[in-house]
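S.K.: Below is the file entry24.txt, which contains compact mmCIF, C-alpha atoms and all ligand atoms.
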```txt
# COMPACT_ATOMS: atom_id res chain seq x y z
CA MET A 25 6.74 27.22 -9.30
CA SER A 26 7.96 29.13 -12.32
CA GLU A 27 7.60 27.37 -15.66
CA LEU A 28 11.35 27.68 -16.17
CA ASP A 29 11.97 25.48 -13.10
CA LEU A 30 9.51 22.78 -14.10
CA ARG A 31 11.00 19.27 -14.53
CA ILE A 32 9.57 15.91 -15.59
CA ASN A 33 9.28 12.90 -13.28
CA ILE A 34 11.67 10.20 -14.50
CA GLU A 35 10.12 7.42 -12.37
CA ARG A 36 6.74 7.96 -14.03
CA LEU A 37 8.32 8.04 -17.49
CA SER A 38 10.39 4.90 -16.84
CA THR A 39 7.34 3.06 -15.50
CA ARG A 40 5.35 3.87 -18.64
CA LEU A 41 8.27 2.79 -20.85
CA ALA A 42 8.44 -0.52 -18.97
CA ASP A 43 4.66 -1.06 -19.08
CA LEU A 44 4.51 -0.45 -22.82
CA SER A 45 7.51 -2.67 -23.49
CA ALA A 46 5.73 -5.53 -21.68
CA ILE A 47 3.34 -5.66 -24.64
CA GLY A 48 4.96 -7.89 -27.23
CA ALA A 49 7.88 -8.42 -24.85
CA ILE A 50 10.75 -10.43 -26.29
CA GLU A 51 11.49 -12.99 -23.61
CA GLY A 52 14.70 -12.55 -21.66
CA THR A 53 15.20 -8.99 -22.95
CA GLU A 54 13.90 -5.47 -22.31
CA GLY A 55 12.74 -5.21 -25.91
CA SER A 56 9.47 -5.77 -27.72
CA ALA A 57 8.01 -6.85 -31.05
CA ARG A 58 5.04 -4.70 -32.04
CA LEU A 59 5.11 -4.65 -35.81
CA ALA A 60 2.64 -2.13 -37.23
CA LEU A 61 -1.05 -3.11 -37.11
CA THR A 62 -0.49 -6.46 -35.43
CA ASP A 63 -2.39 -7.55 -32.30
CA GLU A 64 0.58 -6.38 -30.23
CA ASP A 65 0.48 -2.95 -31.88
CA LYS A 66 -3.25 -2.75 -31.09
CA ALA A 67 -2.63 -3.62 -27.43
CA GLY A 68 0.13 -1.00 -27.22
CA ARG A 69 -2.15 1.59 -28.84
CA ASP A 70 -4.98 0.78 -26.43
CA LEU A 71 -2.68 1.28 -23.45
CA VAL A 72 -1.35 4.63 -24.66
CA VAL A 73 -4.87 5.84 -25.51
CA THR A 74 -5.99 4.88 -21.99
CA TRP A 75 -3.13 6.92 -20.57
CA MET A 76 -4.09 9.89 -22.78
CA LYS A 77 -7.67 9.70 -21.56
CA ASP A 78 -6.52 9.38 -17.94
CA LEU A 79 -4.71 12.67 -18.51
CA ALA A 80 -7.99 14.22 -19.72
CA MET A 81 -6.62 14.63 -23.24
CA THR A 82 -8.96 14.77 -26.23
CA VAL A 83 -8.09 11.80 -28.44
CA THR A 84 -8.59 11.64 -32.22
CA VAL A 85 -7.77 8.85 -34.68
CA ASP A 86 -7.48 9.47 -38.42
CA GLY A 87 -7.98 7.21 -41.42
CA ILE A 88 -4.42 5.84 -41.36
CA GLY A 89 -4.60 5.19 -37.61
CA ASN A 90 -2.52 8.11 -36.38
CA VAL A 91 -3.57 8.98 -32.84
CA VAL A 92 -3.38 12.54 -31.49
CA GLY A 93 -4.08 13.38 -27.84
CA THR A 94 -4.53 17.07 -27.07
CA MET A 95 -4.36 19.04 -23.84
CA ALA A 96 -6.28 22.31 -24.09
CA GLY A 97 -4.35 25.57 -23.95
CA GLN A 98 -5.46 29.05 -22.99
CA SER A 99 -6.00 29.76 -26.69
CA GLU A 100 -7.68 27.64 -29.32
CA GLY A 101 -5.04 27.96 -32.05
CA PRO A 102 -2.95 25.10 -33.42
CA PRO A 103 -1.12 23.05 -30.78
CA VAL A 104 2.56 22.60 -30.17
CA MET A 105 2.83 18.94 -31.06
CA CYS A 106 5.31 16.31 -30.03
CA GLY A 107 5.27 12.62 -30.73
CA SER A 108 6.80 9.70 -32.51
CA HIS A 109 5.72 6.07 -32.95
CA ILE A 110 4.96 3.02 -30.83
CA ASP A 111 5.30 0.37 -33.54
CA THR A 112 8.63 -1.46 -33.47
CA VAL A 113 10.77 -3.54 -35.78
CA GLY A 114 10.47 -7.28 -35.10
CA THR A 115 13.48 -7.05 -32.79
CA GLY A 116 12.65 -3.72 -31.21
CA GLY A 117 14.05 -2.02 -28.15
CA ARG A 118 12.18 -0.24 -25.38
CA TYR A 119 13.01 3.31 -26.42
CA ASP A 120 12.87 3.72 -30.21
CA GLY A 121 9.75 5.82 -30.84
CA ASN A 122 8.15 4.97 -27.51
CA LEU A 123 10.32 7.52 -25.72
CA GLY A 124 9.03 10.42 -27.82
CA VAL A 125 5.40 9.49 -27.23
CA LEU A 126 5.63 8.66 -23.54
CA ALA A 127 7.81 11.70 -22.81
CA GLY A 128 4.99 13.70 -24.43
CA LEU A 129 2.54 12.21 -21.92
CA GLU A 130 5.03 13.02 -19.18
CA VAL A 131 5.12 16.65 -20.36
CA VAL A 132 1.33 16.78 -20.12
CA GLU A 133 1.27 15.14 -16.70
CA THR A 134 3.99 17.49 -15.41
CA LEU A 135 2.08 20.55 -16.61
CA THR A 136 -1.21 19.26 -15.23
CA ALA A 137 0.28 18.41 -11.84
CA ALA A 138 1.79 21.91 -11.65
CA GLY A 139 -1.53 23.49 -12.62
CA ILE A 140 0.00 25.12 -15.70
CA THR A 141 -2.07 25.70 -18.83
CA PRO A 142 0.18 26.89 -21.66
CA TYR A 143 -1.06 29.58 -24.03
CA ARG A 144 -1.17 27.09 -26.95
CA PRO A 145 -2.61 23.58 -26.69
CA ILE A 146 -0.14 20.70 -26.33
CA ALA A 147 -0.63 17.65 -28.55
CA VAL A 148 1.03 14.25 -28.35
CA ALA A 149 0.86 12.06 -31.45
CA PHE A 150 1.81 8.53 -32.31
CA PHE A 151 2.00 7.85 -36.00
CA THR A 152 1.21 4.56 -37.71
CA ASP A 153 3.94 2.31 -39.11
CA GLU A 154 6.96 4.54 -38.64
CA GLU A 155 9.26 1.57 -38.87
CA GLY A 156 8.21 0.38 -42.30
CA ALA A 157 9.41 -3.08 -41.29
CA ARG A 158 6.03 -4.65 -42.09
CA PHE A 159 4.57 -2.12 -44.54
CA ALA A 160 6.89 0.07 -46.66
CA PRO A 161 7.54 2.96 -46.80
CA ASP A 162 8.68 3.87 -43.31
CA MET A 163 7.04 6.94 -41.70
CA LEU A 164 3.83 5.91 -43.47
CA GLY A 165 1.40 7.47 -40.98
CA SER A 166 3.17 10.82 -40.76
CA LEU A 167 3.62 10.87 -44.55
CA VAL A 168 -0.14 10.56 -44.99
CA TYR A 169 -0.74 13.05 -42.15
CA VAL A 170 1.13 15.77 -44.05
CA GLY A 171 -0.48 14.91 -47.40
CA GLY A 172 2.63 13.27 -48.89
CA MET A 173 0.66 10.17 -49.88
CA ALA A 174 -3.06 9.77 -50.56
CA LEU A 175 -4.93 7.76 -47.94
CA GLU A 176 -6.32 5.39 -50.58
CA GLU A 177 -2.81 4.55 -51.78
CA ALA A 178 -1.61 3.93 -48.24
CA LEU A 179 -4.55 1.67 -47.40
CA ASP A 180 -3.68 -0.57 -50.37
CA ILE A 181 -0.06 -1.25 -49.32
CA GLU A 182 0.80 -4.92 -48.94
CA GLY A 183 3.08 -6.01 -46.13
CA ILE A 184 5.90 -8.55 -46.07
CA ASP A 185 3.39 -11.13 -44.76
CA GLY A 186 0.81 -10.44 -47.48
CA ALA A 187 -1.46 -8.41 -45.15
CA ILE A 188 -2.95 -5.14 -46.46
CA VAL A 189 -2.89 -1.89 -44.47
CA GLY A 190 -6.61 -1.02 -44.82
CA PRO A 191 -8.06 -4.34 -43.62
CA GLU A 192 -5.46 -4.56 -40.86
CA LEU A 193 -6.40 -1.08 -39.60
CA GLU A 194 -10.05 -2.10 -39.56
CA ARG A 195 -9.26 -5.37 -37.86
CA ILE A 196 -7.50 -3.64 -34.96
CA GLY A 197 -10.15 -0.88 -34.82
CA TYR A 198 -7.88 2.06 -35.64
CA ASN A 199 -9.42 3.19 -38.96
CA GLY A 200 -10.55 6.51 -37.53
CA SER A 201 -12.38 9.42 -39.10
CA SER A 202 -10.31 12.47 -38.15
CA PRO A 203 -9.61 14.37 -41.41
CA LEU A 204 -6.52 13.82 -43.57
CA PRO A 205 -4.23 15.55 -44.29
CA GLY A 206 -4.14 16.25 -40.58
CA ALA A 207 -4.48 19.65 -38.94
CA VAL A 208 -1.22 21.60 -39.18
CA PRO A 209 0.32 22.13 -35.73
CA HIS A 210 1.99 25.35 -34.62
CA SER A 211 5.29 23.44 -34.38
CA PHE A 212 6.56 19.91 -33.84
CA VAL A 213 9.32 18.48 -31.68
CA GLU A 214 10.32 14.82 -31.43
CA LEU A 215 12.43 13.37 -28.63
CA HIS A 216 14.19 10.19 -29.77
CA ILE A 217 17.16 8.08 -28.84
CA GLU A 218 20.12 8.70 -31.14
CA GLN A 219 20.34 5.04 -32.23
CA GLY A 220 24.01 5.61 -33.06
CA PRO A 221 27.26 6.00 -31.11
CA VAL A 222 28.14 9.68 -31.51
CA LEU A 223 26.74 11.23 -28.30
CA GLU A 224 28.03 8.43 -26.09
CA VAL A 225 31.51 8.42 -27.64
CA GLU A 226 31.80 12.18 -27.28
CA GLY A 227 30.32 12.21 -23.77
CA ILE A 228 27.49 14.58 -24.73
CA THR A 229 24.01 14.45 -23.19
CA VAL A 230 21.75 16.03 -25.82
CA GLY A 231 21.72 16.11 -29.61
CA ALA A 232 20.10 19.13 -31.28
CA VAL A 233 19.13 17.46 -34.52
CA GLU A 234 19.60 19.72 -37.54
CA SER A 235 18.60 17.33 -40.33
CA VAL A 236 17.68 13.78 -41.32
CA GLN A 237 19.68 12.02 -44.01
CA GLY A 238 18.11 10.87 -47.28
CA ILE A 239 16.73 7.35 -47.41
CA SER A 240 16.45 5.03 -50.43
CA TRP A 241 14.87 1.58 -50.10
CA THR A 242 14.62 -0.80 -53.05
CA GLU A 243 13.32 -4.35 -53.30
CA VAL A 244 15.20 -6.38 -55.90
CA THR A 245 13.93 -9.60 -57.47
CA VAL A 246 16.49 -11.61 -59.45
CA THR A 247 15.19 -14.52 -61.49
CA GLY A 248 17.38 -17.27 -62.94
CA GLN A 249 17.22 -20.98 -63.63
CA SER A 250 16.56 -23.33 -60.75
CA ASN A 251 18.62 -26.49 -61.14
CA HIS A 252 20.45 -29.37 -59.45
CA ALA A 253 23.30 -28.18 -57.19
CA GLY A 254 25.42 -31.26 -57.88
CA THR A 255 25.10 -31.67 -61.59
CA THR A 256 24.96 -28.16 -63.00
CA PRO A 257 28.45 -26.91 -63.96
CA ILE A 258 29.19 -23.42 -62.64
CA SER A 259 29.68 -22.07 -66.16
CA LEU A 260 26.14 -23.11 -67.09
CA ARG A 261 24.36 -21.61 -64.09
CA LYS A 262 21.92 -18.74 -63.96
CA ASP A 263 22.14 -18.33 -60.21
CA PRO A 264 20.14 -15.51 -58.55
CA GLY A 265 21.80 -16.40 -55.24
CA PHE A 266 25.18 -15.51 -56.70
CA VAL A 267 23.84 -12.19 -57.99
CA ALA A 268 22.28 -11.38 -54.60
CA GLY A 269 25.47 -12.30 -52.73
CA SER A 270 27.56 -10.16 -55.05
CA CYS A 271 25.21 -7.25 -54.36
CA VAL A 272 25.63 -7.66 -50.61
CA GLN A 273 29.38 -7.42 -51.09
CA PHE A 274 29.10 -4.48 -53.48
CA ALA A 275 26.84 -2.54 -51.10
CA ARG A 276 29.66 -2.61 -48.53
CA GLU A 277 32.40 -1.74 -51.04
CA LEU A 278 30.37 1.14 -52.40
CA ALA A 279 29.82 2.67 -48.95
CA LEU A 280 33.53 2.34 -48.16
CA GLU A 281 34.49 3.92 -51.47
CA LEU A 282 32.11 6.87 -51.11
CA GLY A 283 33.17 7.26 -47.49
CA HIS A 284 31.38 8.45 -44.35
CA PRO A 285 28.45 9.17 -44.01
CA GLN A 286 27.48 6.87 -46.90
CA VAL A 287 25.87 3.66 -45.63
CA SER A 288 24.21 0.78 -47.45
CA THR A 289 22.61 -2.35 -46.11
CA VAL A 290 21.04 -5.52 -47.46
CA GLY A 291 18.71 -6.28 -44.56
CA ARG A 292 16.29 -8.83 -45.98
CA ILE A 293 17.02 -11.66 -48.37
CA GLU A 294 15.01 -14.68 -49.45
CA PHE A 295 15.95 -17.45 -51.83
CA HIS A 296 13.35 -19.61 -53.53
CA PRO A 297 12.95 -22.49 -53.06
CA ASN A 298 15.63 -22.08 -50.34
CA LEU A 299 16.90 -25.65 -50.29
CA VAL A 300 20.42 -26.95 -49.72
CA ASN A 301 20.82 -28.76 -53.03
CA VAL A 302 18.92 -26.46 -55.39
CA VAL A 303 20.36 -23.53 -57.35
CA PRO A 304 17.76 -20.88 -56.45
CA ALA A 305 15.07 -19.98 -58.96
CA SER A 306 14.93 -16.47 -57.59
CA ALA A 307 16.31 -14.20 -54.92
CA VAL A 308 14.42 -11.29 -53.40
CA PHE A 309 16.36 -8.82 -51.31
CA THR A 310 16.20 -5.23 -50.10
CA VAL A 311 18.85 -2.55 -50.23
CA ASP A 312 18.77 0.45 -47.89
CA ILE A 313 21.07 3.30 -49.04
CA ARG A 314 21.41 6.55 -47.08
CA ASN A 315 23.40 9.77 -47.19
CA THR A 316 23.04 13.28 -45.82
CA ASP A 317 23.89 14.65 -49.28
CA GLU A 318 21.26 14.12 -51.98
CA THR A 319 23.82 14.30 -54.82
CA VAL A 320 25.99 11.58 -53.33
CA LEU A 321 22.90 9.52 -52.49
CA ARG A 322 21.87 9.65 -56.16
CA GLN A 323 25.38 8.60 -57.21
CA ALA A 324 25.24 5.66 -54.82
CA GLU A 325 21.83 4.58 -56.16
CA ALA A 326 23.07 4.81 -59.75
CA ARG A 327 26.26 2.87 -59.01
CA PHE A 328 24.31 0.13 -57.26
CA ALA A 329 21.78 -0.12 -60.11
CA GLU A 330 24.62 -0.37 -62.66
CA PHE A 331 26.37 -3.12 -60.71
CA LEU A 332 23.13 -5.05 -60.25
CA ALA A 333 22.27 -4.91 -63.97
CA ALA A 334 25.78 -5.91 -65.09
CA THR A 335 26.11 -8.78 -62.60
CA ALA A 336 22.67 -10.16 -63.41
CA GLU A 337 23.32 -9.96 -67.13
CA ALA A 338 26.67 -11.75 -66.85
CA GLU A 339 24.92 -14.52 -64.90
CA GLY A 340 22.06 -14.78 -67.41
CA CYS A 341 19.48 -13.64 -64.86
CA THR A 342 16.73 -11.04 -65.12
CA VAL A 343 16.07 -8.30 -62.59
CA GLU A 344 13.04 -6.37 -61.41
CA THR A 345 13.22 -3.56 -58.87
CA ARG A 346 10.55 -1.83 -56.83
CA THR A 347 11.08 1.38 -54.85
CA LEU A 348 9.88 0.86 -51.28
CA ALA A 349 10.83 4.27 -49.91
CA ARG A 350 12.63 7.36 -51.19
CA PHE A 351 12.99 10.47 -49.10
CA GLU A 352 15.47 13.28 -49.71
CA PRO A 353 17.52 14.67 -46.80
CA VAL A 354 15.42 17.00 -44.64
CA PRO A 355 16.75 20.13 -42.89
CA PHE A 356 14.95 21.14 -39.68
CA ASP A 357 13.81 24.64 -38.74
CA PRO A 358 16.89 26.65 -37.69
CA ALA A 359 14.98 28.57 -35.00
CA VAL A 360 13.65 25.40 -33.37
CA VAL A 361 17.10 23.77 -33.58
CA ASP A 362 18.54 26.88 -31.89
CA LEU A 363 15.85 26.60 -29.22
CA VAL A 364 16.77 22.96 -28.53
CA GLU A 365 20.43 23.93 -28.25
CA SER A 366 19.91 26.99 -26.03
CA THR A 367 17.39 25.17 -23.82
CA SER A 368 19.87 22.32 -23.27
CA GLN A 369 22.56 24.84 -22.32
CA ARG A 370 20.20 26.65 -19.95
CA LEU A 371 19.40 23.35 -18.22
CA GLY A 372 23.12 22.62 -17.88
CA TYR A 373 23.35 19.75 -20.37
CA SER A 374 26.16 19.37 -22.89
CA VAL A 375 24.70 19.58 -26.39
CA LYS A 376 25.84 18.99 -29.95
CA ARG A 377 24.23 19.82 -33.28
CA MET A 378 24.06 16.73 -35.44
CA PRO A 379 22.24 15.02 -38.32
CA SER A 380 20.02 11.98 -37.81
CA GLY A 381 21.00 8.72 -39.45
CA ALA A 382 17.59 7.16 -38.88
CA GLY A 383 14.30 8.18 -40.42
CA HIS A 384 11.76 9.89 -38.14
CA ASP A 385 8.18 11.18 -38.19
CA ALA A 386 9.63 14.64 -37.56
CA GLN A 387 11.04 14.65 -41.10
CA MET A 388 7.48 14.47 -42.43
CA MET A 389 6.12 17.07 -40.01
CA ALA A 390 8.94 19.40 -41.16
CA ARG A 391 7.06 19.69 -44.46
CA VAL A 392 4.20 21.56 -42.78
CA CYS A 393 5.45 23.32 -39.63
CA PRO A 394 8.63 24.44 -37.84
CA THR A 395 10.19 21.22 -36.54
CA ALA A 396 13.27 19.87 -34.80
CA MET A 397 14.36 16.87 -32.74
CA VAL A 398 16.07 16.17 -29.44
CA PHE A 399 18.41 13.16 -29.26
CA THR A 400 19.54 11.30 -26.17
CA PRO A 401 22.53 8.90 -26.15
CA SER A 402 22.21 5.21 -27.01
CA VAL A 403 24.51 2.92 -25.01
CA ASN A 404 26.99 1.30 -27.43
CA GLY A 405 25.04 2.97 -30.25
CA ILE A 406 22.75 -0.06 -30.37
CA SER A 407 19.21 0.14 -31.73
CA HIS A 408 16.69 -1.98 -33.66
CA ASN A 409 17.83 -4.59 -31.17
CA PRO A 410 16.20 -5.55 -27.84
CA ALA A 411 19.49 -4.60 -26.15
CA GLU A 412 18.81 -0.92 -26.93
CA TYR A 413 19.43 1.11 -23.75
CA THR A 414 19.52 4.72 -22.59
CA SER A 415 20.22 5.54 -18.95
CA PRO A 416 17.44 7.08 -16.84
CA ALA A 417 19.57 10.19 -16.33
CA ASP A 418 19.85 10.71 -20.09
CA LEU A 419 16.14 10.01 -20.62
CA GLU A 420 15.37 12.57 -17.94
CA ALA A 421 17.64 15.16 -19.56
CA GLY A 422 16.07 14.65 -22.98
CA ALA A 423 12.54 14.81 -21.63
CA ASN A 424 13.30 17.97 -19.64
CA VAL A 425 14.71 19.61 -22.76
CA MET A 426 11.55 18.66 -24.65
CA LEU A 427 9.34 19.97 -21.84
CA GLN A 428 11.08 23.34 -21.79
CA VAL A 429 11.26 23.59 -25.59
CA MET A 430 7.53 22.89 -25.79
CA LEU A 431 6.78 25.46 -23.09
CA SER A 432 8.74 28.08 -25.06
CA LEU A 433 6.98 27.19 -28.31
CA ALA A 434 3.60 27.20 -26.55
CA SER A 435 4.02 30.63 -25.00
CA GLU A 436 2.23 33.65 -26.44
CA ASP A 437 5.58 35.35 -27.11
CA TYR A 438 6.81 32.67 -29.54
CA GLN A 439 5.61 33.34 -33.06
C1 LIG B 501 13.37 3.91 -39.29
O1 LIG B 501 13.46 3.56 -38.10
C2 LIG B 501 14.57 3.83 -40.11
O2 LIG B 501 15.39 4.76 -40.05
O3 LIG B 501 14.77 2.80 -40.75
MN MN B 502 12.08 5.54 -34.26
MN MN B 503 13.20 2.42 -35.59
```
Could you render the structure as structure tokens?
Ligand code: GLV
Ligand code: MN
Ligand code: MN
M.R.:
Amino acid sequence: MSELDLRINIERLSTRLADLSAIGAIEGTEGSARLALTDEDKAGRDLVVTWMKDLAMTVTVDGIGNVVGTMAGQSEGPPVMCGSHIDTVGTGGRYDGNLGVLAGLEVVETLTAAGITPYRPIAVAFFTDEEGARFAPDMLGSLVYVGGMALEEALDIEGIDGAIVGPELERIGYNGSSPLPGAVPHSFVELHIEQGPVLEVEGITVGAVESVQGISWTEVTVTGQSNHAGTTPISLRKDPGFVAGSCVQFARELALELGHPQVSTVGRIEFHPNLVNVVPASAVFTVDIRNTDETVLRQAEARFAEFLAATAEAEGCTVETRTLARFEPVPFDPAVVDLVESTSQRLGYSVKRMPSGAGHDAQMMARVCPTAMVFTPSVNGISHNPAEYTSPADLEAGANVMLQVMLSLASEDYQ
């Protein structure tokens, strides 16, 4: 069979997606909870590594726990790499990240079954802690892989539960010795669900992702005066809860005022001591602000900081902030984006160029090699939710596009 006619096997891919989602399964749903470096993450890693070895791939693990499986090519140069992550948020779906990794294994199995050895090696990676839900920043493993953060700094990061990255990596046995920064691939392509509504609403099968929007995560701690909820007159309060609540409201107003595609979210909030009849002593919350335009993103950050300072001051509270993540918008390689678009057209799939609203490992890999992404539709645009769903036909389309894009990139003719 000619390479151009090669197609992935959707039953095999769906079975692997189901088997992986059974680890950390959230009862009564198709989703999973495999927060980075937990026991569930370890079990998921072990399963995927077993699959890599079953496919005769060479498996390496680096010091931040990134795993790369490689299928030999006819040449020994850098591989065409694909991949994503298998950690999830606490309320994760079956497809976020997992699709990109397991579709990579499906590419390898399809090539192997057809007896095809591409000119360049094919590598499939899963990167540590892409979600950032337990240890910030997000995309931690791929950031370290490309040299964007020193390994020592990453190993010292404390999670939301007080755990530290280094000891957790050791505990689960994924503190490997493969060198960091990691070897630079020939090129990188990540298949991922869109996690938004655009493809579904427009009835389009494939997204050729041109860029990833900028991401700004801040943790805010507001400290006031804890006091009796019944006896303390409003005018005498120093209430961090009020400041936090006002910020939640302002985050929405700001996004509406700046207009699409500005988004802002307060996703985590904790009051202390968190009791019904106590004015809180402190409030800790996070704000996630994103935009495709760096200038507007900076404006949004400045406006939010101004509002926070003024509201806290008026309430007699003090504020401390800590940056958890800050990544500028990332453009992908125009030639690889073109290849995703033309490959989709050749395979008969409708395709649209689009930015990504979510962060992805591909945005880190874009720092070191030509990179782009393939999106498949998300039903109702739902993600970071166990109800996340993409139809088998759309998964198949996305994986076939990735297969053919990787074959093109891995051929001797592609420079
Ligand atoms: C990562 O999934 C993010 O975009 O928050
Ligand atoms: Mn993801
Ligand atoms: Mn995610």
S.K.: For CA of Val233 in chain A and CA of Arg292 in chain A, determine how far apart the two atoms are, in Å to one decimal place.
M.R.: 28.8 Å
S.K.: Within 8 Å of ligand LIG 501 (chain B), counting all atoms listed in the file, which protein or nucleic acid residues do you find, written as a PDB file with C-alpha atoms, in the coordinates of the input?
M.R.:
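This is the output file selection.pdb:
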```pdb
ATOM      1  CA  VAL A 113      10.770  -3.540 -35.780  1.00  0.00           C
ATOM      2  CA  ASP A 120      12.870   3.720 -30.210  1.00  0.00           C
ATOM      3  CA  GLU A 154       6.960   4.540 -38.640  1.00  0.00           C
ATOM      4  CA  GLU A 155       9.260   1.570 -38.870  1.00  0.00           C
ATOM      5  CA  GLY A 156       8.210   0.380 -42.300  1.00  0.00           C
ATOM      6  CA  ALA A 157       9.410  -3.080 -41.290  1.00  0.00           C
ATOM      7  CA  ASP A 162       8.680   3.870 -43.310  1.00  0.00           C
ATOM      8  CA  MET A 163       7.040   6.940 -41.700  1.00  0.00           C
ATOM      9  CA  ILE A 239      16.730   7.350 -47.410  1.00  0.00           C
ATOM     10  CA  GLY A 381      21.000   8.720 -39.450  1.00  0.00           C
ATOM     11  CA  ALA A 382      17.590   7.160 -38.880  1.00  0.00           C
ATOM     12  CA  GLY A 383      14.300   8.180 -40.420  1.00  0.00           C
ATOM     13  CA  HIS A 384      11.760   9.890 -38.140  1.00  0.00           C
ATOM     14  CA  HIS A 408      16.690  -1.980 -33.660  1.00  0.00           C
TER      15      HIS A 408
END
```
S.K.: Env of Val168 in chain A: 12 Å cut, atoms = all atoms listed in the file, seq-sep filter 2 positions within chain, self excluded. Answer as a PyMOL selection string.
M.R.: chain A and resi 86-90+151-154+161-166+170-179+203-207+385+388-389+391
S.K.: Residues of the last selection are to be written out with C-alpha atoms, as an mmCIF file, in the coordinates of the input.
M.R.:
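Saved to part25.cif:
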```cif
data_model
loop_
_atom_site.group_PDB
_atom_site.id
_atom_site.type_symbol
_atom_site.label_atom_id
_atom_site.label_comp_id
_atom_site.auth_asym_id
_atom_site.auth_seq_id
_atom_site.Cartn_x
_atom_site.Cartn_y
_atom_site.Cartn_z
ATOM 1 C CA ASP A 86 -7.480 9.470 -38.420
ATOM 2 C CA GLY A 87 -7.980 7.210 -41.420
ATOM 3 C CA ILE A 88 -4.420 5.840 -41.360
ATOM 4 C CA GLY A 89 -4.600 5.190 -37.610
ATOM 5 C CA ASN A 90 -2.520 8.110 -36.380
ATOM 6 C CA PHE A 151 2.000 7.850 -36.000
ATOM 7 C CA THR A 152 1.210 4.560 -37.710
ATOM 8 C CA ASP A 153 3.940 2.310 -39.110
ATOM 9 C CA GLU A 154 6.960 4.540 -38.640
ATOM 10 C CA PRO A 161 7.540 2.960 -46.800
ATOM 11 C CA ASP A 162 8.680 3.870 -43.310
ATOM 12 C CA MET A 163 7.040 6.940 -41.700
ATOM 13 C CA LEU A 164 3.830 5.910 -43.470
ATOM 14 C CA GLY A 165 1.400 7.470 -40.980
ATOM 15 C CA SER A 166 3.170 10.820 -40.760
ATOM 16 C CA VAL A 170 1.130 15.770 -44.050
ATOM 17 C CA GLY A 171 -0.480 14.910 -47.400
ATOM 18 C CA GLY A 172 2.630 13.270 -48.890
ATOM 19 C CA MET A 173 0.660 10.170 -49.880
ATOM 20 C CA ALA A 174 -3.060 9.770 -50.560
ATOM 21 C CA LEU A 175 -4.930 7.760 -47.940
ATOM 22 C CA GLU A 176 -6.320 5.390 -50.580
ATOM 23 C CA GLU A 177 -2.810 4.550 -51.780
ATOM 24 C CA ALA A 178 -1.610 3.930 -48.240
ATOM 25 C CA LEU A 179 -4.550 1.670 -47.400
ATOM 26 C CA PRO A 203 -9.610 14.370 -41.410
ATOM 27 C CA LEU A 204 -6.520 13.820 -43.570
ATOM 28 C CA PRO A 205 -4.230 15.550 -44.290
ATOM 29 C CA GLY A 206 -4.140 16.250 -40.580
ATOM 30 C CA ALA A 207 -4.480 19.650 -38.940
ATOM 31 C CA ASP A 385 8.180 11.180 -38.190
ATOM 32 C CA MET A 388 7.480 14.470 -42.430
ATOM 33 C CA MET A 389 6.120 17.070 -40.010
ATOM 34 C CA ARG A 391 7.060 19.690 -44.460
#
```
S.K.: Could you check which residues have any atom within 7 Å of (23.5, 16.4, -31.2), counting only C-alpha atoms with coordinates taken straight from the file, and then list them as a PDB file with C-alpha atoms, keeping the file's coordinate frame?
M.R.:
```
ATOM      1  CA  LEU A 223      26.740  11.230 -28.300  1.00  0.00           C
ATOM      2  CA  VAL A 230      21.750  16.030 -25.820  1.00  0.00           C
ATOM      3  CA  GLY A 231      21.720  16.110 -29.610  1.00  0.00           C
ATOM      4  CA  ALA A 232      20.100  19.130 -31.280  1.00  0.00           C
ATOM      5  CA  VAL A 233      19.130  17.460 -34.520  1.00  0.00           C
ATOM      6  CA  VAL A 375      24.700  19.580 -26.390  1.00  0.00           C
ATOM      7  CA  LYS A 376      25.840  18.990 -29.950  1.00  0.00           C
ATOM      8  CA  ARG A 377      24.230  19.820 -33.280  1.00  0.00           C
ATOM      9  CA  MET A 378      24.060  16.730 -35.440  1.00  0.00           C
ATOM     10  CA  PHE A 399      18.410  13.160 -29.260  1.00  0.00           C
TER      11      PHE A 399
END
```
S.K.: Given the choices A:Ile406, A:Ala307, A:Val236, A:Ile217, which gets closest to ligand MN 502 (chain B) if the distance is worked out from all atoms listed in the file?
M.R.: A:Ile217
S.K.: Between CA of Gly128 in chain A and CA of Gly107 in chain A, measure the distance and give it in Å to one decimal.
M.R.: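 Pair CA of Gly128 in chain A / CA of Gly107 in chain A returns 6.4 Å.
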S.K.: Name all residues at most 8 Å from range 426-438 of chain A (count only C-alpha atoms; drop same-chain ones fewer than 3 positions away) and give them as an MDAnalysis selection string.
M.R.: chainID A and resid 27:28 30:32 103:104 131 142:146 211 213:215 363:364 367 398 422:423
S.K.: Have a look at A:Asn409, A:Thr310, A:Ser288, A:Gln439 and name the one nearest to ligand MN 503 (chain B); count only C-alpha atoms and all ligand atoms.
M.R.: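 Among A:Asn409, A:Thr310, A:Ser288, A:Gln439, it is A:Asn409 that comes nearest to ligand MN 503 (chain B).
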S.K.: Give the padded box for range 171-184 of chain A as lines of an AutoDock Vina configuration file: axis-aligned, covering all atoms listed in the file, 5 Å on each side, centre and edge lengths in Å to one decimal.
M.R.:
```
center_x = -0.2
center_y = 3.2
center_z = -48.9
size_x = 22.2
size_y = 33.5
size_z = 15.7
```
S.K.: So how many Å separate CA of Ser259 in chain A and CA of Ala333 in chain A, to one decimal?
M.R.: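 Straight-line distance from CA of Ser259 in chain A to CA of Ala333 in chain A works out to 18.8 Å.
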S.K.: Please identify all polymer residues lying at most 6 Å from the point (1.1, 17.4, -30.8) (file coordinates), using all atoms listed in the file, and present the result as a ChimeraX atom specification.
M.R.: /A:104-106,146-149
